[in-house]
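Peer 1: Just one file: upload32.tsv, with TSV, C-alpha atoms and all ligand atoms.
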```
chain	number	residue	atom	x	y	z
Y	133	MET	CA	-10.39	21.53	-20.63
Y	134	SER	CA	-8.22	20.64	-17.60
Y	135	VAL	CA	-9.86	19.68	-14.34
Y	136	TYR	CA	-8.52	20.08	-10.82
Y	137	ILE	CA	-9.20	17.22	-8.42
Y	138	LEU	CA	-8.72	17.19	-4.65
Y	139	GLY	CA	-7.91	13.74	-3.22
Y	140	ILE	CA	-8.35	12.80	0.46
Y	141	GLU	CA	-6.89	9.69	2.12
Y	142	SER	CA	-7.52	8.69	5.74
Y	143	SER	CA	-7.97	4.91	5.70
Y	144	CYS	CA	-5.44	4.01	8.38
Y	145	ASP	CA	-2.90	6.22	10.17
Y	146	ASP	CA	-1.82	8.68	7.45
Y	147	THR	CA	-3.83	11.83	6.79
Y	148	SER	CA	-3.18	12.95	3.25
Y	149	ALA	CA	-4.46	15.47	0.69
Y	150	ALA	CA	-3.39	15.92	-2.93
Y	151	VAL	CA	-4.30	18.26	-5.76
Y	152	PHE	CA	-4.15	17.13	-9.38
Y	153	LYS	CA	-4.50	18.85	-12.72
Y	154	ASP	CA	-5.90	16.00	-14.79
Y	155	GLU	CA	-3.37	13.16	-14.33
Y	156	THR	CA	-0.59	15.47	-13.16
Y	157	ILE	CA	0.28	15.86	-9.52
Y	158	LEU	CA	0.51	19.41	-8.22
Y	159	SER	CA	0.82	18.61	-4.51
Y	160	ASN	CA	0.65	15.67	-2.13
Y	161	ARG	CA	0.86	16.30	1.61
Y	162	VAL	CA	0.93	13.53	4.21
Y	163	ALA	CA	0.71	13.87	8.00
Y	164	ASN	CA	1.98	10.75	9.77
Y	165	GLN	CA	0.82	9.85	13.25
Y	166	ASP	CA	3.44	9.30	15.94
Y	167	VAL	CA	0.86	8.48	18.62
Y	168	HIS	CA	0.93	4.75	17.79
Y	169	LYS	CA	4.68	4.20	18.27
Y	170	ASP	CA	4.43	3.09	21.91
Y	171	PHE	CA	1.65	0.59	21.17
Y	172	GLY	CA	3.34	-1.65	18.58
Y	173	GLY	CA	0.51	-1.11	16.06
Y	174	VAL	CA	-2.17	1.34	14.99
Y	175	VAL	CA	-4.73	2.13	17.72
Y	176	PRO	CA	-7.97	2.88	15.80
Y	177	GLU	CA	-9.41	5.42	18.26
Y	178	LEU	CA	-6.15	7.38	18.40
Y	179	ALA	CA	-5.91	7.25	14.60
Y	180	SER	CA	-9.34	8.80	14.05
Y	181	ARG	CA	-8.66	11.55	16.61
Y	182	ALA	CA	-5.35	12.39	14.95
Y	183	HIS	CA	-7.07	12.48	11.52
Y	184	GLN	CA	-9.52	15.03	12.93
Y	185	GLN	CA	-6.64	17.24	14.04
Y	186	ASN	CA	-4.66	16.81	10.81
Y	187	ILE	CA	-7.22	16.93	8.05
Y	188	ILE	CA	-7.78	20.70	7.74
Y	189	PRO	CA	-4.08	21.72	7.97
Y	190	VAL	CA	-3.14	18.98	5.48
Y	191	VAL	CA	-5.76	20.04	2.92
Y	192	ASP	CA	-4.82	23.68	3.44
Y	193	LYS	CA	-1.13	22.92	2.78
Y	194	ALA	CA	-1.92	20.80	-0.28
Y	195	LEU	CA	-4.08	23.56	-1.79
Y	196	LYS	CA	-1.49	26.27	-1.08
Y	197	GLU	CA	1.36	24.19	-2.50
Y	198	SER	CA	-0.63	23.46	-5.67
Y	199	GLY	CA	-1.46	27.13	-6.23
Y	200	VAL	CA	-5.06	26.07	-6.97
Y	201	LYS	CA	-7.93	27.93	-5.29
Y	202	ALA	CA	-10.51	25.82	-3.45
Y	203	CYS	CA	-13.22	27.32	-5.68
Y	204	ASP	CA	-11.45	25.96	-8.81
Y	205	ILE	CA	-11.56	22.31	-7.67
Y	206	ALA	CA	-13.88	20.34	-9.98
Y	207	ALA	CA	-14.45	17.30	-7.73
Y	208	VAL	CA	-13.32	15.84	-4.43
Y	209	ALA	CA	-12.26	12.18	-4.29
Y	210	PHE	CA	-12.03	10.33	-0.99
Y	211	THR	CA	-11.02	6.85	0.15
Y	212	ARG	CA	-14.26	5.05	0.98
Y	213	GLY	CA	-12.63	1.77	2.03
Y	214	PRO	CA	-11.25	-0.66	2.96
Y	215	GLY	CA	-9.71	0.65	6.15
Y	216	LEU	CA	-10.42	1.52	9.77
Y	217	MET	CA	-13.99	2.77	10.13
Y	218	GLY	CA	-13.20	5.66	12.48
Y	219	SER	CA	-10.36	6.82	10.23
Y	220	LEU	CA	-12.38	6.53	7.00
Y	221	LEU	CA	-15.22	8.53	8.56
Y	222	VAL	CA	-12.97	11.56	9.02
Y	223	GLY	CA	-11.89	11.72	5.36
Y	224	THR	CA	-15.38	10.87	4.11
Y	225	SER	CA	-17.04	13.55	6.23
Y	226	PHE	CA	-14.45	16.14	5.25
Y	227	ALA	CA	-14.86	15.34	1.55
Y	228	LYS	CA	-18.64	15.65	1.81
Y	229	GLY	CA	-18.36	19.00	3.58
Y	230	PHE	CA	-15.94	20.28	0.96
Y	231	ALA	CA	-18.13	19.07	-1.92
Y	232	LEU	CA	-21.23	20.60	-0.37
Y	233	ALA	CA	-19.55	23.94	0.35
Y	234	HIS	CA	-18.24	24.23	-3.23
Y	235	ASP	CA	-21.18	22.52	-4.92
Y	236	ILE	CA	-18.98	19.99	-6.71
Y	237	PRO	CA	-19.29	16.23	-7.30
Y	238	LEU	CA	-18.09	13.66	-4.80
Y	239	VAL	CA	-16.11	10.64	-6.01
Y	240	ASP	CA	-15.58	7.51	-3.87
Y	241	VAL	CA	-12.32	5.61	-4.29
Y	242	ASN	CA	-11.43	2.02	-3.46
Y	243	HIS	CA	-8.12	2.22	-1.56
Y	244	LEU	CA	-6.76	-0.92	-3.21
Y	245	HIS	CA	-7.58	0.26	-6.72
Y	246	ALA	CA	-5.89	3.53	-5.82
Y	247	HIS	CA	-2.66	1.71	-4.94
Y	248	VAL	CA	-2.72	0.14	-8.41
Y	249	LEU	CA	-3.56	3.40	-10.22
Y	250	ALA	CA	-0.63	5.15	-8.51
Y	251	HIS	CA	1.34	3.90	-11.52
Y	252	PHE	CA	-0.43	6.45	-13.71
Y	253	ILE	CA	0.48	9.54	-11.69
Y	254	LYS	CA	2.26	12.04	-13.93
Y	255	GLU	CA	4.93	14.34	-12.58
Y	256	PRO	CA	4.96	17.85	-14.05
Y	257	ASP	CA	7.29	18.16	-17.06
Y	258	GLN	CA	8.27	14.48	-16.94
Y	259	ASP	CA	7.59	11.76	-19.41
Y	260	ASN	CA	6.44	9.03	-17.07
Y	261	LYS	CA	6.44	5.40	-18.04
Y	262	HIS	CA	3.30	3.51	-17.07
Y	263	PRO	CA	2.02	-0.03	-17.63
Y	264	GLU	CA	-0.18	-0.90	-20.62
Y	265	PHE	CA	-3.43	-2.86	-20.08
Y	266	PRO	CA	-3.74	-5.69	-19.27
Y	267	PHE	CA	-1.04	-5.96	-16.63
Y	268	LEU	CA	-0.55	-7.78	-13.34
Y	269	CYS	CA	-0.06	-5.86	-10.14
Y	270	LEU	CA	1.32	-7.43	-6.98
Y	271	LEU	CA	-0.34	-5.34	-4.29
Y	272	VAL	CA	1.42	-5.89	-0.99
Y	273	SER	CA	0.73	-3.80	2.10
Y	274	GLY	CA	0.18	-4.09	5.83
Y	275	GLY	CA	-3.41	-5.19	5.29
Y	276	ASN	CA	-3.43	-6.85	1.86
Y	277	SER	CA	-1.51	-9.20	-0.39
Y	278	GLN	CA	-3.15	-9.58	-3.77
Y	279	ILE	CA	-2.37	-10.34	-7.36
Y	280	VAL	CA	-4.59	-8.05	-9.42
Y	281	LEU	CA	-5.29	-8.46	-13.12
Y	282	VAL	CA	-5.69	-4.87	-14.28
Y	283	LYS	CA	-7.77	-4.73	-17.45
Y	284	ASP	CA	-8.53	-1.02	-17.42
Y	285	TYR	CA	-8.57	1.96	-15.02
Y	286	MET	CA	-11.90	0.79	-13.62
Y	287	ASN	CA	-11.76	-2.87	-14.40
Y	288	MET	CA	-9.60	-4.92	-12.05
Y	289	GLU	CA	-9.89	-8.54	-11.02
Y	290	VAL	CA	-8.28	-9.93	-7.88
Y	291	ILE	CA	-7.03	-13.32	-9.07
Y	292	GLY	CA	-5.17	-14.24	-5.89
Y	293	GLN	CA	-5.04	-13.01	-2.32
Y	294	THR	CA	-3.96	-13.93	1.15
Y	295	ILE	CA	-6.25	-16.27	3.02
Y	296	ASP	CA	-4.93	-15.04	6.37
Y	297	ASP	CA	-2.16	-12.50	7.14
Y	298	ALA	CA	-0.82	-9.97	4.66
Y	299	ALA	CA	2.87	-9.90	3.69
Y	300	GLY	CA	3.37	-6.62	5.59
Y	301	GLU	CA	1.81	-8.20	8.68
Y	302	ALA	CA	4.23	-11.12	8.40
Y	303	PHE	CA	7.15	-8.68	8.30
Y	304	ASP	CA	5.76	-6.64	11.20
Y	305	LYS	CA	4.78	-9.55	13.44
Y	306	CYS	CA	8.07	-11.41	12.98
Y	307	ALA	CA	9.94	-8.15	13.55
Y	308	LYS	CA	8.03	-7.66	16.79
Y	309	VAL	CA	9.12	-11.12	18.01
Y	310	MET	CA	12.72	-10.03	17.39
Y	311	GLY	CA	12.13	-6.89	19.48
Y	312	LEU	CA	12.25	-4.50	16.50
Y	313	PRO	CA	10.13	-1.30	16.57
Y	314	TYR	CA	6.78	-0.96	14.75
Y	315	PRO	CA	6.36	-1.08	11.80
Y	316	GLY	CA	9.02	-3.73	11.54
Y	317	GLY	CA	9.08	-4.19	7.74
Y	318	PRO	CA	11.59	-1.41	7.03
Y	319	TRP	CA	13.79	-2.62	9.94
Y	320	VAL	CA	13.87	-6.17	8.62
Y	321	ASP	CA	14.76	-4.78	5.20
Y	322	LYS	CA	17.62	-2.70	6.63
Y	323	LEU	CA	19.12	-5.51	8.74
Y	324	ALA	CA	18.63	-8.09	5.97
Y	325	LYS	CA	21.12	-6.21	3.80
Y	326	GLU	CA	23.93	-7.41	6.05
Y	327	GLY	CA	22.64	-10.93	6.69
Y	328	ASP	CA	22.75	-14.33	4.96
Y	329	PRO	CA	19.39	-15.09	3.25
Y	330	HIS	CA	20.14	-18.82	3.35
Y	331	ALA	CA	21.17	-19.02	7.03
Y	332	PHE	CA	17.78	-20.36	8.18
Y	333	GLN	CA	14.84	-22.10	6.55
Y	334	PHE	CA	11.21	-21.36	7.43
Y	335	ALA	CA	7.96	-23.05	6.41
Y	336	LYS	CA	6.57	-22.11	3.02
Y	337	PRO	CA	2.82	-22.50	2.45
Y	338	LYS	CA	1.33	-24.95	-0.03
Y	339	ILE	CA	-1.75	-23.05	-1.16
Y	340	LYS	CA	-3.71	-23.63	-4.36
Y	341	ASN	CA	-4.10	-21.21	-7.25
Y	342	TYR	CA	-2.63	-17.74	-6.87
Y	343	ASP	CA	-3.58	-17.31	-3.20
Y	344	TYR	CA	-1.16	-16.58	-0.39
Y	345	SER	CA	-0.88	-17.53	3.25
Y	346	PHE	CA	1.59	-16.06	5.74
Y	347	SER	CA	0.28	-17.23	9.11
Y	348	GLY	CA	2.21	-20.54	8.90
Y	349	LEU	CA	5.46	-18.70	8.25
Y	350	LYS	CA	4.83	-16.46	11.25
Y	351	THR	CA	4.22	-19.50	13.49
Y	352	SER	CA	7.23	-21.33	12.09
Y	353	PHE	CA	9.39	-18.27	12.77
Y	354	LEU	CA	8.05	-17.95	16.32
Y	355	TYR	CA	8.57	-21.65	17.21
Y	356	PHE	CA	12.02	-21.65	15.63
Y	357	LEU	CA	13.06	-18.72	17.84
Y	358	ARG	CA	11.43	-20.20	20.94
Y	359	ASP	CA	13.43	-23.44	20.52
Y	360	ARG	CA	16.70	-21.65	19.80
Y	361	ILE	CA	16.29	-19.26	22.73
Y	362	LYS	CA	15.95	-22.26	25.06
Y	363	GLU	CA	19.47	-23.31	24.02
Y	364	ASP	CA	20.91	-19.80	23.80
Y	365	PRO	CA	19.04	-16.86	25.42
Y	366	ASN	CA	21.10	-14.47	23.29
Y	367	PHE	CA	20.18	-16.19	20.01
Y	368	ILE	CA	18.14	-13.33	18.51
Y	369	GLU	CA	20.73	-10.65	19.20
Y	370	ALA	CA	23.54	-12.86	17.90
Y	371	HIS	CA	21.75	-13.76	14.65
Y	372	LYS	CA	19.43	-10.80	13.99
Y	373	LYS	CA	20.81	-9.92	10.57
Y	374	ASP	CA	20.71	-13.52	9.33
Y	375	LEU	CA	17.20	-13.95	10.77
Y	376	CYS	CA	16.01	-10.82	8.93
Y	377	ALA	CA	17.70	-11.83	5.67
Y	378	SER	CA	16.27	-15.37	5.81
Y	379	LEU	CA	12.79	-14.13	6.71
Y	380	GLN	CA	12.81	-11.55	3.91
Y	381	HIS	CA	14.12	-14.11	1.43
Y	382	THR	CA	11.27	-16.48	2.33
Y	383	ILE	CA	8.54	-13.81	2.06
Y	384	VAL	CA	9.89	-12.54	-1.26
Y	385	GLU	CA	10.11	-16.07	-2.66
Y	386	ILE	CA	6.51	-16.82	-1.66
Y	387	LEU	CA	5.28	-13.55	-3.26
Y	388	LEU	CA	7.22	-13.92	-6.50
Y	389	ASN	CA	6.52	-17.63	-7.07
Y	390	LYS	CA	2.77	-16.99	-7.32
Y	391	LEU	CA	3.29	-13.87	-9.40
Y	392	GLU	CA	5.41	-15.83	-11.87
Y	393	LYS	CA	2.79	-18.59	-12.06
Y	394	ALA	CA	0.01	-16.07	-12.71
Y	395	ALA	CA	2.00	-14.23	-15.39
Y	396	ASP	CA	2.88	-17.53	-17.11
Y	397	ASP	CA	-0.70	-18.82	-17.06
Y	398	LEU	CA	-2.18	-15.54	-18.33
Y	399	ASN	CA	0.66	-14.87	-20.73
Y	400	ILE	CA	1.22	-11.38	-19.35
Y	401	SER	CA	4.58	-9.67	-19.48
Y	402	GLN	CA	3.86	-6.30	-17.88
Y	403	VAL	CA	4.14	-6.56	-14.12
Y	404	ALA	CA	3.82	-3.87	-11.44
Y	405	LEU	CA	4.30	-3.61	-7.69
Y	406	ALA	CA	2.14	-1.54	-5.33
Y	407	GLY	CA	1.57	-1.01	-1.60
Y	408	GLY	CA	3.87	-0.34	1.35
Y	409	VAL	CA	5.82	-3.60	1.07
Y	410	SER	CA	6.88	-2.70	-2.49
Y	411	ALA	CA	9.45	-0.45	-0.78
Y	412	ASN	CA	11.25	-3.66	0.25
Y	413	SER	CA	14.66	-3.83	-1.39
Y	414	GLY	CA	14.68	-7.65	-1.50
Y	415	LEU	CA	11.35	-7.66	-3.32
Y	416	ARG	CA	12.51	-5.00	-5.79
Y	417	ILE	CA	15.74	-6.83	-6.55
Y	418	GLY	CA	13.93	-10.18	-6.75
Y	419	LEU	CA	11.38	-8.78	-9.19
Y	420	GLU	CA	14.06	-7.24	-11.38
Y	421	LYS	CA	15.95	-10.56	-11.54
Y	422	LEU	CA	12.78	-12.41	-12.39
Y	423	ALA	CA	11.95	-9.81	-15.04
Y	424	VAL	CA	15.27	-10.40	-16.77
Y	425	ARG	CA	14.69	-14.16	-16.76
Y	426	LYS	CA	11.05	-13.90	-17.95
Y	427	ASN	CA	11.47	-10.93	-20.27
Y	428	TRP	CA	8.95	-8.88	-18.30
Y	429	ILE	CA	8.57	-5.11	-18.32
Y	430	THR	CA	8.26	-4.07	-14.69
Y	431	PHE	CA	6.93	-0.99	-12.94
Y	432	ILE	CA	7.88	-0.03	-9.40
Y	433	PRO	CA	6.28	3.12	-7.99
Y	434	LYS	CA	8.12	6.05	-6.50
Y	435	PHE	CA	8.54	5.48	-2.76
Y	436	ALA	CA	6.10	8.30	-1.87
Y	437	TYR	CA	3.35	6.51	-3.81
Y	438	THR	CA	3.90	3.08	-2.25
Y	439	THR	CA	2.72	4.01	1.25
Y	440	ASP	CA	-0.72	5.48	1.91
Y	441	ASN	CA	-1.09	8.83	0.11
Y	442	ALA	CA	-3.79	11.01	-1.42
Y	443	ALA	CA	-2.06	11.31	-4.80
Y	444	MET	CA	-3.26	7.81	-5.70
Y	445	VAL	CA	-6.76	8.76	-4.53
Y	446	ALA	CA	-6.77	11.92	-6.66
Y	447	ILE	CA	-5.66	10.09	-9.83
Y	448	SER	CA	-8.32	7.41	-9.25
Y	449	GLY	CA	-10.83	10.21	-8.68
Y	450	TYR	CA	-9.78	11.82	-11.92
Y	451	TYR	CA	-10.58	8.66	-13.95
Y	452	LYS	CA	-13.93	8.27	-12.19
Y	453	TYR	CA	-14.69	11.96	-12.73
Y	454	ARG	CA	-13.99	11.54	-16.44
Y	455	ALA	CA	-16.40	8.60	-16.49
Y	456	GLY	CA	-19.05	10.62	-14.62
Y	457	ASP	CA	-18.96	8.10	-11.78
Y	458	PHE	CA	-20.06	10.08	-8.70
Y	459	VAL	CA	-21.68	9.25	-5.35
Y	460	ASN	CA	-24.35	10.99	-3.29
Y	461	HIS	CA	-23.80	12.47	0.13
Y	462	ASP	CA	-25.32	9.42	1.81
Y	463	ALA	CA	-22.32	7.30	0.72
Y	464	ALA	CA	-20.97	5.65	3.89
Y	465	PRO	CA	-17.43	4.29	4.24
Y	466	PHE	CA	-16.76	0.54	4.16
Y	467	SER	CA	-14.20	-1.09	6.43
Y	468	ARG	CA	-14.11	-4.03	3.98
Y	469	VAL	CA	-14.38	-3.74	0.21
Y	470	VAL	CA	-17.90	-4.05	-1.13
Y	471	PHE	CA	-17.84	-1.66	-4.08
X	501	LIG	O1	0.53	0.26	2.20
X	501	LIG	P1	0.98	0.58	3.57
X	501	LIG	O2	1.69	1.90	3.78
X	501	LIG	O3	-0.23	0.67	4.53
X	501	LIG	C1	-0.96	-0.34	5.14
X	501	LIG	O4	-1.36	-1.33	4.54
X	501	LIG	O5	-1.21	-0.09	6.35
X	501	LIG	O6	1.89	-0.61	4.06
X	501	LIG	C2	2.49	-0.64	5.33
X	501	LIG	C3	3.25	-1.96	5.42
X	501	LIG	C4	3.75	-2.25	6.83
X	501	LIG	O7	3.44	-3.59	7.11
X	501	LIG	C5	5.25	-2.04	6.71
X	501	LIG	O8	6.02	-2.82	7.60
X	501	LIG	C6	5.49	-2.46	5.27
X	501	LIG	O9	4.40	-1.91	4.58
X	501	LIG	N1	6.76	-1.94	4.75
X	501	LIG	C7	7.81	-2.72	4.45
X	501	LIG	C8	8.85	-1.86	4.02
X	501	LIG	N2	8.38	-0.57	4.05
X	501	LIG	C9	7.10	-0.64	4.51
X	501	LIG	N3	7.95	-4.04	4.51
X	501	LIG	C10	9.13	-4.54	4.14
X	501	LIG	N4	10.18	-3.79	3.72
X	501	LIG	C11	10.08	-2.45	3.63
X	501	LIG	N5	11.11	-1.72	3.20
```
As structure tokens - that is how I would like this structure written.
Ligand code: KG4

Peer 2:
Amino acid sequence: MSVYILGIESSCDDTSAAVFKDETILSNRVANQDVHKDFGGVVPELASRAHQQNIIPVVDKALKESGVKACDIAAVAFTRGPGLMGSLLVGTSFAKGFALAHDIPLVDVNHLHAHVLAHFIKEPDQDNKHPEFPFLCLLVSGGNSQIVLVKDYMNMEVIGQTIDDAAGEAFDKCAKVMGLPYPGGPWVDKLAKEGDPHAFQFAKPKIKNYDYSFSGLKTSFLYFLRDRIKEDPNFIEAHKKDLCASLQHTIVEILLNKLEKAADDLNISQVALAGGVSANSGLRIGLEKLAVRKNWITFIPKFAYTTDNAAMVAISGYYKYRAGDFVNHDAAPFSRVVF
């Protein structure tokens, strides 16, 4: 028998609700928060207040769009972490209230696992292609950069991760130095399309295993600009497109080199991207080129499922529901992953 799952996501600055019928998406609503624009980053207190305002209208819209009645939902899945504590609390509390009111099970979801499982979301009446286990997933977002060995829906091993900044942070922080708006990643991507990726060279980290580091690149970028501005105060404006293209080229090369090494060592040929940075056109093109050379089968999610969304939470909740993996109402959110 089919089950209807309600998914709730509120880990950072997007309030989202989705309704699924088994693995098939029926609705996915996201309310973005404009309040952070003037601050150059997410302000946690403002984020949690905005979640409080958005959560009920967002759930209401998702339910209406799905055509599913609240009383027919079989379980509610919520992002338990990692994320901003104040933001997570809003989604967690709402999910508990909903579960209690409808006397249904509560399912906690790891936000990072959810990004990976977004690859299994089925669109109605479409034959969607998804990776076969085991596969590697390069999970790159504003807060994380990981290479995940995905053995099953519930069995994932992080085999490499950043030891400092995430790839998205590197994009955003370097963009900020160039005076681009927040979040800078999409701006760098846009300007890079018209620039020369080999115009400038920036430091690449020498880190062991499959781990990443982006703080050295950020510093190298900053010092490079500082020195050039001394000679020419208009340097950034005059070379913005080349700076963006060279920065993007460097970040993509760092990400893909480790991914290639991991895939070679583990003899895996199914490779997926996940997280906000997987929207980057340089990364997508780079992965496709690498896939041709290595004979990989690659999976790149639909744009709507790369950024934070509740659809990925609902699908993760569905697999946990099927496994009977529920939590009690004393389940507290975690700002860092511990489950
Ligand atoms: O997964 P995500 O939506 O949420 C967080 O981790 O918060 O990722 C957001 C990150 C930001 O750093 C943003 O700049 C980056 O994804 N991003 C991009 C692009 N689109 C979003 N970075 C590079 N190129 C893009 N096209």

Peer 1: Kindly provide, as JSON, numbers by chain, all nucleotide and amino acid residues lying within 8 Å of ligand LIG 501 (chain X), counting all atoms listed in the file.

Peer 2: {"Y": [144, 145, 247, 272, 273, 274, 275, 276, 299, 300, 301, 302, 303, 304, 314, 315, 316, 317, 318, 319, 320, 321, 322, 380, 406, 407, 408, 409, 410, 411, 412, 413, 414, 438, 439, 440]}

Peer 1: For a test of reading the model, state the distance in Å between CA of Leu323 in chain Y and CA of Asp374 in chain Y, rounded to one decimal.

Peer 2: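 Calculated distance between CA of Leu323 in chain Y and CA of Asp374 in chain Y is 8.2 Å.
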
Peer 1: Counting only C-alpha atoms, which residues of range 222-246 of chain Y sit at most 8 Å from some atom of range 138-143 of chain Y, and what is each one's closest atom pair with its distance in Å to one decimal, listed by chain and rising residue number, as CSV?

Peer 2:
```
residue,atom,partner,partner_atom,distance
Y:Val222,CA,Y:Ser142,CA,7.0
Y:Gly223,CA,Y:Ser142,CA,5.3
Y:Ala227,CA,Y:Ile140,CA,7.1
Y:His243,CA,Y:Ser143,CA,7.7
```

Peer 1: Save the residues we just selected, C-alpha atoms, as a PDB file, keeping the file's coordinate frame?

Peer 2:
```pdb
ATOM      1  CA  VAL Y 222     -12.970  11.560   9.020  1.00  0.00           C
ATOM      2  CA  GLY Y 223     -11.890  11.720   5.360  1.00  0.00           C
ATOM      3  CA  ALA Y 227     -14.860  15.340   1.550  1.00  0.00           C
ATOM      4  CA  HIS Y 243      -8.120   2.220  -1.560  1.00  0.00           C
TER       5      HIS Y 243
END
```

Peer 1: If the box runs along x, y and z of the file and leaves 5 Å on each side of range 162-172 of chain Y, what are its centre and edge lengths in Å, one decimal, as JSON?

Peer 2:
```
{"center_x": 2.7, "center_y": 6.1, "center_z": 13.1, "size_x": 14.0, "size_y": 25.5, "size_z": 27.7}
```

Peer 1: Could you check the closest approach to Ser148 in chain Y for each of Y:Ala207, Y:Val445, Y:Val459, Y:Leu388 and tell me which residue wins, using all atoms listed in the file?

Peer 2: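 With all atoms listed in the file as the atom set, the closest residue is Y:Val445.
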
Peer 1: Kindly indicate which residue among Y:Cys203, Y:Met286, Y:Ile386, Y:Leu391 lies nearest to Trp428 in chain Y, using all atoms listed in the file for the distances.

Peer 2: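 Of all the options, Y:Leu391 lies closest to Trp428 in chain Y.
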
Peer 1: Kindly indicate which residue among Y:Gly173, Y:His262, Y:Val190, Y:Asn460 lies nearest to Leu232 in chain Y, using all atoms listed in the file for the distances.

Peer 2: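 Among the listed residues, Y:Asn460 lies closest to Leu232 in chain Y.
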
Peer 1: Give me the residues near range 295-297 of chain Y as a list in words, where near means some atom within 7 Å (using only C-alpha atoms) and where sequence neighbours in that chain fewer than 5 positions away do not count.

Peer 2: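 Returned residues: Ala302, Asp343, Tyr344, Ser345, Phe346 and Ser347 of chain Y.
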
Peer 1: Please produce a file of the residues just selected, as a CSV table (one decimal), in the frame of the given file, where the atoms kept are C-alpha atoms.

Peer 2:
```
chain,number,residue,atom,x,y,z
Y,302,ALA,CA,4.2,-11.1,8.4
Y,343,ASP,CA,-3.6,-17.3,-3.2
Y,344,TYR,CA,-1.2,-16.6,-0.4
Y,345,SER,CA,-0.9,-17.5,3.2
Y,346,PHE,CA,1.6,-16.1,5.7
Y,347,SER,CA,0.3,-17.2,9.1
```

Peer 1: Looking at Y:Arg416, Y:Lys426, Y:Arg212, Y:His234, which one is nearest to Asp396 in chain Y, with distances taken over all atoms listed in the file?

Peer 2: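 Ranking Y:Arg416, Y:Lys426, Y:Arg212, Y:His234 by distance to Asp396 in chain Y, first place goes to Y:Lys426.
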
Peer 1: Between CA of Ala179 in chain Y and CA of Gln165 in chain Y, what distance in Å does the model show, to one decimal?

Peer 2: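 Separation between CA of Ala179 in chain Y and CA of Gln165 in chain Y: 7.3 Å.
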
Peer 1: Could you check the closest approach to Arg468 in chain Y for each of Y:Ile368, Y:Ala307, Y:Ala335, Y:Met217 and tell me which residue wins, using all atoms listed in the file?

Peer 2: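 Nearest candidate to Arg468 in chain Y out of Y:Ile368, Y:Ala307, Y:Ala335, Y:Met217: Y:Met217.
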